[in-house]
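A short write-up of the structure that comes next.
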Amino acid sequence: MWTEDPAGASVSVSDAMFNARLLADGYAVLLTIPPNVRYAETFVESERQARANEAGLWGLEGDL
């Protein structure tokens with residue numbers, strides 16, 4: 001789901017898509033279902049960075 005117009009020159013996919021924002025903030029787990037894989041690499045990178053930064057739910061592992 002787009003939160004901003006993706007045609008804007010200063011808007012990145014990870015900033016303009018709600019599902020990418022959830023991944024980047026650490027509140028989602030990646031699931032891609034072919035043929036809907038157009039932004040899969042962006043989503044993979046967003047989740048990887050969230051895990052590395054212990055963002056959102058990834059930061060709770062040691063606290064449980």
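Each chain in the structure tokens gets a letter, A, B, ..., in the order shown, and its residues are numbered from 1; ligands are numbered from 1 in order too.
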
Next on the checklist: To test your reading of the structure, identify every residue in chain A that backbone DSSP assigns to alpha helix (DSSP H), and report it as a PyMOL selection string.
Outcome noted: chain A and resi 13-16+18-24+40-52

Kindly export the residues of the current selection with C-alpha atoms, as a JSON list (two decimals), in the first residue's frame.
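Result file again_21.json:
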```
[["chain", "number", "residue", "atom", "x", "y", "z"],
["A", 13, "VAL", "CA", 10.02, 2.99, -2.20],
["A", 14, "SER", "CA", 10.90, 2.19, 1.41],
["A", 15, "ASP", "CA", 9.52, 5.57, 2.54],
["A", 16, "ALA", "CA", 6.41, 5.54, 0.35],
["A", 18, "PHE", "CA", 3.34, 1.15, 4.26],
["A", 19, "ASN", "CA", 4.52, -2.48, 4.24],
["A", 20, "ALA", "CA", 8.14, -1.39, 3.67],
["A", 21, "ARG", "CA", 7.84, 1.04, 6.60],
["A", 22, "LEU", "CA", 6.53, -1.76, 8.85],
["A", 23, "LEU", "CA", 9.53, -3.91, 7.92],
["A", 24, "ALA", "CA", 12.00, -1.07, 8.42],
["A", 40, "ALA", "CA", 11.26, -8.06, -2.80],
["A", 41, "GLU", "CA", 14.87, -6.85, -2.64],
["A", 42, "THR", "CA", 13.80, -3.58, -1.02],
["A", 43, "PHE", "CA", 11.76, -5.51, 1.55],
["A", 44, "VAL", "CA", 14.62, -7.93, 2.27],
["A", 45, "GLU", "CA", 16.99, -5.03, 2.90],
["A", 46, "SER", "CA", 14.45, -3.23, 5.12],
["A", 47, "GLU", "CA", 13.98, -6.31, 7.31],
["A", 48, "ARG", "CA", 17.74, -7.00, 7.42],
["A", 49, "GLN", "CA", 18.45, -3.49, 8.64],
["A", 50, "ALA", "CA", 15.66, -3.66, 11.24],
["A", 51, "ARG", "CA", 17.07, -6.91, 12.63],
["A", 52, "ALA", "CA", 20.62, -5.55, 12.67]]
```

Next on the checklist: Using only C-alpha atoms, can you tell me which of A:Leu60, A:Leu31, A:Val37, A:Met17 comes closest to Asp5 of chain A?
Outcome noted: A:Met17

Item to check | Between atom CA of Gly59 of chain A and atom CA of Gly26 of chain A - distance in Å to one decimal | outcome: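 Atom CA of Gly26 of chain A sits 8.4 Å away from atom CA of Gly59 of chain A.
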
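Atom to atom, atom CA of Trp58 of chain A and atom CA of Val29 of chain A stand 10.2 Å apart.
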